[in-house]
file entry-v9.txt (compact mmCIF, C-alpha atoms)
# COMPACT_ATOMS: atom_id res chain seq x y z
CA MET A 27 0.00 0.00 0.00
CA LYS A 28 1.54 3.29 -1.10
CA ILE A 29 0.81 6.18 1.24
CA ASP A 30 -0.25 9.29 -0.69
CA GLN A 31 -0.72 11.74 2.16
CA ILE A 32 -0.07 12.10 5.91
CA ASN A 33 -2.01 14.46 8.19
CA ILE A 34 -1.30 14.95 11.87
CA TYR A 35 -3.38 16.96 14.32
CA LEU A 36 -2.94 18.06 17.93
CA VAL A 37 -6.54 18.54 19.00
CA ARG A 38 -7.93 20.00 22.22
CA PHE A 39 -11.24 18.52 23.29
CA PRO A 40 -13.08 20.33 26.11
CA LEU A 41 -14.66 18.13 28.74
CA ALA A 42 -18.22 18.65 29.93
CA LYS A 43 -17.33 16.84 33.13
CA PRO A 44 -13.81 16.79 34.61
CA TYR A 45 -11.80 13.60 34.30
CA THR A 46 -9.09 12.53 36.75
CA MET A 47 -5.91 11.00 35.35
CA ALA A 48 -2.83 10.26 37.47
CA ASP A 49 -4.54 12.09 40.34
CA ILE A 50 -4.75 15.27 38.21
CA ARG A 51 -8.05 16.87 37.24
CA LEU A 52 -8.48 17.43 33.51
CA ASP A 53 -10.93 19.99 32.15
CA TYR A 54 -9.77 19.27 28.59
CA PHE A 55 -7.50 16.77 26.91
CA ASP A 56 -5.07 17.29 24.05
CA THR A 57 -5.09 14.20 21.86
CA VAL A 58 -3.02 13.40 18.77
CA LEU A 59 -4.72 12.17 15.58
CA LEU A 60 -2.97 10.85 12.48
CA ARG A 61 -4.49 10.17 9.06
CA LEU A 62 -2.83 8.10 6.33
CA ARG A 63 -4.32 8.26 2.82
CA SER A 64 -3.79 5.59 0.16
CA ASP A 65 -5.68 5.09 -3.09
CA GLY A 66 -8.91 6.59 -1.78
CA LEU A 67 -8.69 5.00 1.68
CA ASP A 68 -8.22 6.95 4.92
CA GLY A 69 -6.70 5.24 7.95
CA TRP A 70 -6.84 6.97 11.34
CA GLY A 71 -4.96 6.57 14.60
CA GLU A 72 -5.25 8.29 17.99
CA VAL A 73 -3.15 8.39 21.15
CA PHE A 74 -3.53 10.33 24.37
CA PRO A 75 -0.56 9.86 26.73
CA GLY A 76 -1.62 12.89 28.80
CA ASN A 77 -1.56 16.67 28.75
CA GLU A 78 1.66 16.50 30.77
CA PRO A 79 4.26 13.75 31.43
CA THR A 80 2.66 12.71 34.71
CA LEU A 81 1.64 9.11 34.04
CA THR A 82 4.33 8.25 31.49
CA ALA A 83 7.31 10.15 30.08
CA ALA A 84 5.22 11.07 27.03
CA TRP A 85 2.65 13.83 26.60
CA SER A 86 0.56 14.86 23.64
CA SER A 87 2.48 17.97 22.50
CA GLU A 88 5.72 16.00 22.60
CA VAL A 89 4.15 13.13 20.62
CA TYR A 90 2.95 15.57 17.96
CA GLU A 91 6.42 17.11 17.59
CA CYS A 92 8.12 13.71 17.49
CA VAL A 93 5.83 12.59 14.68
CA ARG A 94 6.28 15.80 12.69
CA GLU A 95 10.02 16.27 13.20
CA CYS A 96 11.33 12.69 13.44
CA LEU A 97 8.91 10.04 12.20
CA ILE A 98 7.28 11.59 9.14
CA PRO A 99 10.67 12.31 7.47
CA ARG A 100 11.59 8.62 7.84
CA PHE A 101 8.16 7.45 6.74
CA VAL A 102 8.10 9.45 3.49
CA LYS A 103 11.35 7.83 2.37
CA SER A 104 9.60 4.42 2.27
CA PRO A 105 5.88 5.10 1.73
CA ASN A 106 5.04 1.59 0.47
CA ILE A 107 3.82 -0.16 3.61
CA ASP A 108 2.58 -3.75 3.70
CA SER A 109 2.77 -4.63 7.41
CA GLY A 110 3.00 -3.23 10.90
CA GLU A 111 6.42 -4.83 11.26
CA GLN A 112 7.63 -2.74 8.32
CA ILE A 113 6.55 0.43 10.12
CA SER A 114 8.43 -0.68 13.24
CA ASN A 115 11.58 -1.22 11.18
CA LEU A 116 11.32 2.28 9.71
CA PHE A 117 11.50 3.79 13.20
CA GLN A 118 13.92 1.38 14.86
CA ASP A 119 16.64 4.02 15.30
CA ILE A 120 14.24 6.25 17.31
CA LYS A 121 14.47 5.36 21.00
CA GLY A 122 11.28 5.08 23.03
CA ASN A 123 8.41 7.30 21.84
CA ARG A 124 6.03 4.35 21.73
CA HIS A 125 2.92 6.54 21.50
CA ALA A 126 4.28 8.43 18.49
CA LYS A 127 5.14 5.20 16.70
CA ALA A 128 1.74 3.76 17.58
CA LEU A 129 -0.05 6.42 15.53
CA PHE A 130 1.35 5.09 12.26
CA ASP A 131 0.69 1.48 13.23
CA LEU A 132 -2.92 2.17 14.23
CA ALA A 133 -3.68 4.18 11.10
CA TRP A 134 -2.14 1.48 8.92
CA TRP A 135 -4.28 -1.25 10.55
CA ASP A 136 -7.42 0.83 9.99
CA MET A 137 -6.54 1.36 6.34
CA TYR A 138 -5.44 -2.26 5.81
CA SER A 139 -8.69 -3.66 7.21
CA GLN A 140 -10.64 -1.30 4.94
CA SER A 141 -8.71 -2.62 1.94
CA LYS A 142 -9.84 -6.13 2.94
CA HIS A 143 -13.43 -4.90 3.42
CA GLU A 144 -13.34 -6.21 6.99
CA PRO A 145 -13.89 -4.67 10.42
CA LEU A 146 -10.64 -4.01 12.22
CA HIS A 147 -11.22 -6.64 14.90
CA LYS A 148 -11.64 -9.39 12.28
CA THR A 149 -8.47 -8.40 10.40
CA LEU A 150 -6.62 -8.38 13.71
CA GLY A 151 -7.70 -11.97 14.37
CA GLY A 152 -10.32 -11.33 17.02
CA ASN A 153 -13.67 -12.97 17.60
CA PRO A 154 -16.39 -10.92 15.80
CA GLU A 155 -19.08 -12.42 18.05
CA LYS A 156 -17.37 -11.56 21.32
CA GLU A 157 -19.24 -9.27 23.67
CA ILE A 158 -16.76 -6.97 25.39
CA GLU A 159 -17.46 -6.71 29.11
CA LEU A 160 -16.62 -3.41 30.74
CA GLY A 161 -14.92 -2.04 33.81
CA LEU A 162 -14.84 1.47 35.24
CA SER A 163 -11.94 3.13 37.10
CA PHE A 164 -12.20 5.42 40.12
CA ASP A 165 -9.45 7.80 41.14
CA ARG A 166 -9.32 9.94 44.26
CA PHE A 167 -12.49 11.93 45.10
CA GLU A 168 -12.63 15.04 47.25
CA SER A 169 -15.77 13.72 48.90
CA PRO A 170 -15.92 10.10 50.16
CA ASP A 171 -19.71 10.19 49.92
CA GLU A 172 -19.55 11.28 46.29
CA PHE A 173 -17.07 8.49 45.61
CA LEU A 174 -19.28 5.81 47.17
CA ASP A 175 -22.32 7.14 45.32
CA ASP A 176 -20.44 6.88 42.01
CA VAL A 177 -19.32 3.33 42.80
CA LYS A 178 -22.90 2.41 43.67
CA ARG A 179 -24.04 3.79 40.33
CA ALA A 180 -21.40 1.77 38.44
CA VAL A 181 -22.40 -1.46 40.17
CA SER A 182 -26.08 -0.74 39.56
CA ASP A 183 -25.41 0.01 35.89
CA GLY A 184 -23.87 -3.44 35.41
CA PHE A 185 -20.13 -2.80 35.14
CA LYS A 186 -18.60 -6.17 35.83
CA ARG A 187 -15.44 -4.75 37.35
CA ILE A 188 -14.46 -1.58 39.15
CA THR A 189 -10.86 -0.44 39.49
CA LEU A 190 -9.68 1.61 42.44
CA LYS A 191 -6.64 3.82 41.93
CA ILE A 192 -4.57 3.44 45.08
CA ARG A 193 -2.95 6.67 46.31
CA PRO A 194 -1.23 7.75 49.55
CA GLY A 195 -4.12 8.50 51.88
CA TRP A 196 -6.54 6.84 49.47
CA ASP A 197 -5.75 3.17 49.86
CA LEU A 198 -6.84 0.31 52.12
CA GLN A 199 -9.57 2.23 53.91
CA VAL A 200 -11.19 3.06 50.60
CA LEU A 201 -10.80 -0.52 49.40
CA GLY A 202 -12.27 -1.79 52.66
CA ALA A 203 -15.29 0.50 52.37
CA VAL A 204 -16.05 -0.70 48.83
CA ARG A 205 -15.54 -4.36 49.70
CA ASN A 206 -17.79 -3.97 52.73
CA ASP A 207 -20.60 -2.50 50.59
CA TYR A 208 -20.11 -4.95 47.70
CA PRO A 209 -18.73 -8.26 49.01
CA THR A 210 -19.09 -10.04 45.65
CA GLN A 211 -18.12 -7.26 43.25
CA MET A 212 -15.03 -7.77 41.08
CA ILE A 213 -12.50 -5.17 42.23
CA GLN A 214 -9.09 -4.40 40.76
CA CYS A 215 -6.52 -2.25 42.56
CA ASP A 216 -4.22 -0.09 40.42
CA VAL A 217 -1.19 1.18 42.33
CA GLU A 218 0.66 2.67 39.32
CA GLY A 219 4.05 1.67 40.73
CA SER A 220 3.84 3.84 43.83
CA LEU A 221 4.81 1.20 46.45
CA SER A 222 8.06 -0.53 47.35
CA LEU A 223 8.72 -3.83 49.12
CA GLU A 224 11.06 -2.13 51.60
CA ARG A 225 8.78 0.71 52.73
CA HIS A 226 5.27 -0.57 52.12
CA SER A 227 5.33 -4.30 52.81
CA ASP A 228 2.58 -4.05 55.44
CA THR A 229 0.26 -2.36 52.97
CA ILE A 230 1.12 -4.67 50.07
CA TYR A 231 0.45 -7.88 51.96
CA ARG A 232 -2.88 -6.62 53.28
CA PHE A 233 -4.40 -6.43 49.80
CA ASP A 234 -5.07 -10.18 49.97
CA ASP A 235 -7.47 -9.55 52.88
CA PHE A 236 -9.87 -7.77 50.52
CA LEU A 237 -9.73 -10.39 47.76
CA PRO A 238 -9.20 -8.15 44.74
CA ALA A 239 -9.31 -9.76 41.30
CA LEU A 240 -5.81 -8.42 40.69
CA LEU A 241 -3.20 -5.96 41.98
CA GLU A 242 -1.99 -3.79 39.12
CA GLN A 243 1.58 -2.48 39.00
CA PRO A 244 2.29 -2.41 42.75
CA LEU A 245 6.03 -1.73 42.23
CA SER A 246 7.96 0.47 39.83
CA SER A 247 8.09 -0.40 36.15
CA SER A 248 11.65 -1.79 36.21
CA GLU A 249 11.16 -4.19 39.13
CA PHE A 250 10.52 -7.45 37.29
CA VAL A 251 12.34 -9.49 39.95
CA GLY A 252 10.52 -7.67 42.74
CA HIS A 253 7.16 -8.40 41.13
CA ALA A 254 8.13 -12.06 40.74
CA MET A 255 9.05 -12.27 44.43
CA LEU A 256 5.81 -10.57 45.38
CA GLN A 257 3.71 -12.84 43.16
CA ASP A 258 5.22 -15.85 44.88
CA SER A 259 4.14 -14.55 48.27
CA ILE A 260 0.58 -13.25 47.71
CA ARG A 261 -2.56 -14.92 46.41
CA THR A 262 -3.81 -11.96 44.39
CA PRO A 263 -2.68 -12.08 40.75
CA ILE A 264 -0.31 -9.26 39.86
CA CYS A 265 -0.98 -7.29 36.68
CA LEU A 266 1.82 -5.43 34.91
CA ASP A 267 0.92 -2.23 33.06
CA GLU A 268 3.68 0.40 33.01
CA SER A 269 6.28 -2.41 32.97
CA ILE A 270 5.10 -3.71 29.60
CA THR A 271 5.68 -1.25 26.75
CA MET A 272 7.28 -3.63 24.24
CA PRO A 273 7.50 -7.38 23.57
CA HIS A 274 11.02 -7.67 25.07
CA GLN A 275 9.73 -6.54 28.45
CA ALA A 276 6.86 -9.02 28.23
CA GLU A 277 9.40 -11.76 27.55
CA ILE A 278 11.35 -10.83 30.70
CA ALA A 279 8.18 -10.78 32.79
CA LEU A 280 7.08 -14.18 31.47
CA ASP A 281 10.50 -15.75 32.03
CA LEU A 282 10.58 -14.49 35.63
CA ARG A 283 6.87 -15.19 36.24
CA SER A 284 6.42 -11.61 37.38
CA ALA A 285 2.67 -11.46 36.79
CA GLY A 286 -0.52 -13.36 36.11
CA THR A 287 -2.01 -10.64 33.89
CA PHE A 288 -0.82 -8.02 31.41
CA CYS A 289 -2.59 -4.71 30.78
CA LEU A 290 -2.44 -3.83 27.09
CA LYS A 291 -2.92 -0.27 25.84
CA PRO A 292 -2.57 0.28 22.09
CA GLY A 293 -0.75 3.61 22.44
CA LYS A 294 1.54 2.58 25.30
CA VAL A 295 2.89 -0.54 23.56
CA GLY A 296 3.45 1.07 20.15
CA GLY A 297 0.30 0.02 18.32
CA LEU A 298 -1.74 -3.07 17.50
CA THR A 299 1.15 -5.00 15.95
CA ASP A 300 3.17 -5.18 19.16
CA ALA A 301 0.04 -5.42 21.30
CA LYS A 302 -0.96 -8.58 19.45
CA THR A 303 2.59 -9.95 19.76
CA ILE A 304 2.50 -9.42 23.53
CA HIS A 305 -0.98 -10.99 23.69
CA ASN A 306 0.25 -14.07 21.83
CA MET A 307 3.30 -14.37 24.10
CA ALA A 308 1.05 -14.14 27.14
CA GLN A 309 -1.33 -16.73 25.72
CA SER A 310 1.50 -19.22 25.16
CA SER A 311 2.44 -18.83 28.85
CA GLU A 312 -1.18 -18.92 30.08
CA VAL A 313 -1.01 -15.33 31.33
CA ASP A 314 -4.25 -13.54 30.57
CA CYS A 315 -4.69 -9.92 29.47
CA TYR A 316 -7.03 -7.03 29.77
CA VAL A 317 -7.16 -3.86 27.69
CA GLY A 318 -6.78 -0.51 29.41
CA ALA A 319 -8.02 2.89 28.27
CA ASP A 320 -7.75 6.46 29.48
CA MET A 321 -9.58 9.46 28.08
CA MET A 322 -9.84 9.44 24.27
CA THR A 323 -12.37 9.95 21.49
CA SER A 324 -14.34 7.20 19.80
CA ILE A 325 -11.56 6.96 17.20
CA GLY A 326 -9.07 5.70 19.75
CA TYR A 327 -11.59 3.52 21.55
CA ARG A 328 -12.25 1.45 18.41
CA PHE A 329 -8.66 0.17 18.69
CA VAL A 330 -9.25 -0.66 22.36
CA ALA A 331 -12.37 -2.65 21.42
CA ALA A 332 -10.64 -4.42 18.52
CA LEU A 333 -7.76 -5.50 20.77
CA SER A 334 -10.30 -6.71 23.35
CA SER A 335 -11.69 -9.17 20.81
CA LEU A 336 -8.53 -11.33 20.94
CA PRO A 337 -8.95 -14.71 22.66
CA TYR A 338 -6.73 -14.27 25.74
CA VAL A 339 -8.20 -10.92 26.70
CA MET A 340 -10.24 -12.57 29.42
CA ARG A 341 -10.94 -9.70 31.79
CA PRO A 342 -13.25 -6.70 31.44
CA THR A 343 -12.03 -3.84 29.27
CA ASP A 344 -11.64 -0.29 30.55
CA TYR A 345 -14.43 2.09 29.69
CA VAL A 346 -14.87 5.84 30.10
CA ARG A 347 -18.31 7.41 30.25
CA PHE A 348 -17.69 9.25 26.99
CA GLU A 349 -21.26 10.48 26.71
CA GLU A 350 -20.85 12.39 29.99
CA HIS A 351 -17.33 13.75 29.50
CA LEU A 352 -17.07 14.63 25.81
CA THR A 353 -18.84 17.70 24.46
CA ASN A 354 -17.49 16.86 21.00
CA ASP A 355 -16.67 13.46 19.56
CA PRO A 356 -15.43 13.14 15.95
CA GLY A 357 -16.44 9.48 15.85
CA ILE A 358 -19.34 7.17 16.61
CA PRO A 359 -19.34 5.83 20.18
CA LEU A 360 -19.79 2.15 20.96
CA LYS A 361 -22.72 2.37 23.33
CA PRO A 362 -22.83 -0.09 26.24
CA ILE A 363 -25.86 -2.32 26.50
CA LEU A 364 -27.11 -4.50 29.34
CA LYS A 365 -27.10 -8.21 28.50
CA PRO A 366 -27.98 -11.39 30.42
CA GLU A 367 -25.19 -13.59 31.65
CA PRO A 368 -24.00 -16.50 29.47
CA ALA A 369 -22.46 -19.62 30.96
CA LYS A 370 -19.28 -20.32 29.09
CA PRO A 371 -16.45 -21.78 31.17
CA THR A 372 -12.87 -21.42 30.00
CA LYS A 373 -9.53 -22.84 31.06
CA HIS A 374 -8.66 -22.58 34.76
CA HIS A 375 -6.41 -19.67 35.66
CA PRO A 376 -4.02 -20.17 38.63
CA ASN A 377 -4.08 -17.92 41.71
CA ARG A 378 -7.64 -16.73 41.09
CA PHE A 379 -9.85 -16.38 44.16
CA GLU A 380 -13.22 -14.74 44.71
CA VAL A 381 -15.79 -14.52 47.50
CA HIS A 382 -18.98 -16.59 47.19
CA PRO A 383 -21.83 -17.49 49.54
CA ASN A 384 -21.84 -21.15 50.61
CA GLU A 385 -24.96 -23.25 51.15
CA ASN A 386 -25.42 -21.69 54.60
CA GLY A 387 -25.29 -18.17 53.23
CA GLU A 388 -21.84 -17.46 54.65
CA MET A 389 -19.31 -15.60 52.53
CA VAL A 390 -16.30 -17.83 51.86
CA GLU A 391 -13.18 -17.58 49.71
CA GLU A 392 -12.95 -20.00 46.81
CA ARG A 393 -10.64 -20.65 43.90
CA VAL A 394 -12.74 -20.15 40.79
CA ILE A 395 -12.73 -20.84 37.07
CA PRO A 396 -13.09 -17.65 35.03
CA TYR A 397 -15.70 -17.41 32.33
CA GLU A 398 -15.12 -15.85 28.94
CA GLY A 399 -17.76 -13.15 28.67
CA ALA A 400 -19.49 -14.24 31.85
CA ASN A 401 -19.71 -12.66 35.26
CA ILE A 402 -18.41 -15.24 37.71
CA LEU A 403 -19.81 -13.26 40.62
CA GLY A 404 -23.41 -14.25 40.10
CA GLN A 405 -24.86 -11.03 38.70
CA GLU A 406 -27.76 -11.62 36.34
CA LYS A 407 -26.86 -8.79 33.95
CA ARG A 408 -23.64 -7.21 32.76
CA LEU A 409 -22.78 -4.19 30.67
CA VAL A 410 -21.12 -4.94 27.31
CA ILE A 411 -20.30 -3.40 23.98
CA GLU A 412 -20.88 -5.31 20.77
CA LEU A 413 -18.43 -5.16 17.87
CA TRP A 414 -19.25 -3.48 14.58
CA ASN A 415 -19.61 -4.93 11.07
CA GLU A 416 -18.36 -1.99 8.97
CA SER A 417 -14.82 -2.07 7.59
CA GLY A 418 -11.87 -0.58 9.44
CA ILE A 419 -12.76 1.28 12.62
CA GLY A 420 -16.34 1.43 11.36
CA PHE A 421 -16.77 5.10 10.49
CA GLU A 422 -15.17 8.09 8.81
CA PRO A 423 -14.18 10.65 11.49
CA ASN A 424 -15.66 14.14 11.43
CA LEU A 425 -12.81 16.02 9.75
CA GLU A 426 -14.55 19.38 10.05
CA MET A 427 -14.70 19.02 13.84
CA ILE A 428 -11.07 17.90 14.03
CA GLU A 429 -9.92 20.86 11.93
CA HIS A 430 -11.97 23.29 14.02
CA LEU A 431 -10.56 22.07 17.36
CA ALA A 432 -6.98 21.49 16.22
CA LEU A 433 -4.27 23.45 18.03
CA ARG A 434 -1.66 22.40 15.47
CA ARG A 435 -1.80 20.55 12.17
CA TYR A 436 0.67 19.37 9.57
CA ASN A 437 0.33 17.52 6.29
CA THR A 438 2.70 16.21 3.67
CA SER A 439 2.65 14.01 0.57
CA PRO A 440 5.45 11.44 0.13

call {"tool": "encode", "arguments": {"input": "entry-v9.txt", "output": "structure tokens"}}
result
Amino acid sequence: MKIDQINIYLVRFPLAKPYTMADIRLDYFDTVLLRLRSDGLDGWGEVFPGNEPTLTAAWSSEVYECVRECLIPRFVKSPNIDSGEQISNLFQDIKGNRHAKALFDLAWWDMYSQSKHEPLHKTLGGNPEKEIELGLSFDRFESPDEFLDDVKRAVSDGFKRITLKIRPGWDLQVLGAVRNDYPTQMIQCDVEGSLSLERHSDTIYRFDDFLPALLEQPLSSSEFVGHAMLQDSIRTPICLDESITMPHQAEIALDLRSAGTFCLKPGKVGGLTDAKTIHNMAQSSEVDCYVGADMMTSIGYRFVAALSSLPYVMRPTDYVRFEEHLTNDPGIPLKPILKPEPAKPTKHHPNRFEVHPNENGEMVEERVIPYEGANILGQEKRLVIELWNESGIGFEPNLEMIEHLALRRYNTSP
């Protein structure tokens, strides 16, 4: 496929309702959009690493400049692209900058699936019939009552999983309050690498008392050995997020048995090509995956949904209440719907425990078998999104809106 034109946009989207990311309130988010054009086809990609380098070393303005100054000049020298691996090879001399590289990979996958007249998830190798179960994340709230009300709403709405962001002063007491109110709810705890074995061992080992479904990134991103040691000593499966930004890191984690779950984010890992590679590596080692998402438009979320269709993505996918936060969306949202529970057992996953009532009505801890697309906690309904049938990401983005809201734009023809 010969690329005829490249457009990149740094776009500021105002938020109708503030969104908290890395414990920072956002009233708007600056996202980066890339369009590749080839023989009448338009492929789009989107990444949002953050308005500032607070969660990762990347931020949107830096990603935009890296693409314009460093990646586009290399891309235009070899505009005939037939695979995601070829894109990776074009940028191999650029260190890091996974989000910037991801834009080209995502846009190519969108365009490639359109050329095959297939939806993106099918071209990627996913299950077109899979219903994507959803989870919602909760960061620190100023008001504990407001926090508990929002959690109550999420549980009532049918979100299978809720994730609690663990912060200093917002940790085990918050987890205990939620577990007390919802003894059978699937809860994940996301620490974002803020703890250490030396200083926080008492806190770390108490997570087991609350029976979370997993403990995400308890230690810093480089501590593969530390995570392996911790996984050997706690029941709760460890999930690695910030530690896994490329397949080589996944290989280290799998060799050391540092985790029972990987969190995959299309932008963080450099695009769908490497995300699928990491997924396949995890599957061969019987380590399951889930797909994470922060604030983005419906363009970026289509890649999240497509990645979620892969077979070893066995846990609920992150969701953001886009309809409440976004005043403008250049795409078509995938709207959650409430569906009855199926009964579809899958292969047993080690170190998985949940709380269930026994025959006497007492709450007891049991090792359980996860269900693909089923809520193992006994809820009758769960919130899901269904995959689309249209080719590519399923729609043509609203270019007029993107142009109107763009802070910076650049285009070139190879």

call {"tool": "residues_around", "arguments": {"input": "entry-v9.txt", "residues": "range 139-147 of chain A", "least_positions_apart": "6", "cutoff": "10 Å", "atoms": "all atoms listed in the file", "output": "number ranges by chain"}}
result
A: 27, 64-69, 153-154, 328-336, 413-420

call {"tool": "closest_residue", "arguments": {"input": "entry-v9.txt", "among": "A:Lys28, A:Arg51, A:Arg124, A:Lys178", "to": "Tyr138 in chain A", "atoms": "all atoms listed in the file"}}
result
A:Lys28

call {"tool": "closest_residue", "arguments": {"input": "entry-v9.txt", "among": "A:Ser227, A:Thr46, A:Gly152, A:Cys265", "to": "Lys191 in chain A", "atoms": "only C-alpha atoms"}}
result
A:Thr46

call {"tool": "residues_near_point", "arguments": {"input": "entry-v9.txt", "point": "(2.3, -1.6, -1.8)", "cutoff": "9 Å", "atoms": "all atoms listed in the file", "output": "list in words"}}
result
Met27, Lys28, Ile29, Pro105, Asn106, Ile107 and Asp108 of chain A

call {"tool": "closest_atom_pairs", "arguments": {"input": "entry-v9.txt", "of": "range 271-299 of chain A", "to": "range 81-103 of chain A", "cutoff": "12 Å", "atoms": "all atoms listed in the file", "output": "tab-separated table"}}
result
residue	atom	partner	partner_atom	distance
A:Thr271	CA	A:Thr82	CA	10.7
A:Gly293	CA	A:Ala84	CA	10.6
A:Lys294	CA	A:Thr82	CA	8.8
A:Val295	CA	A:Thr82	CA	11.9
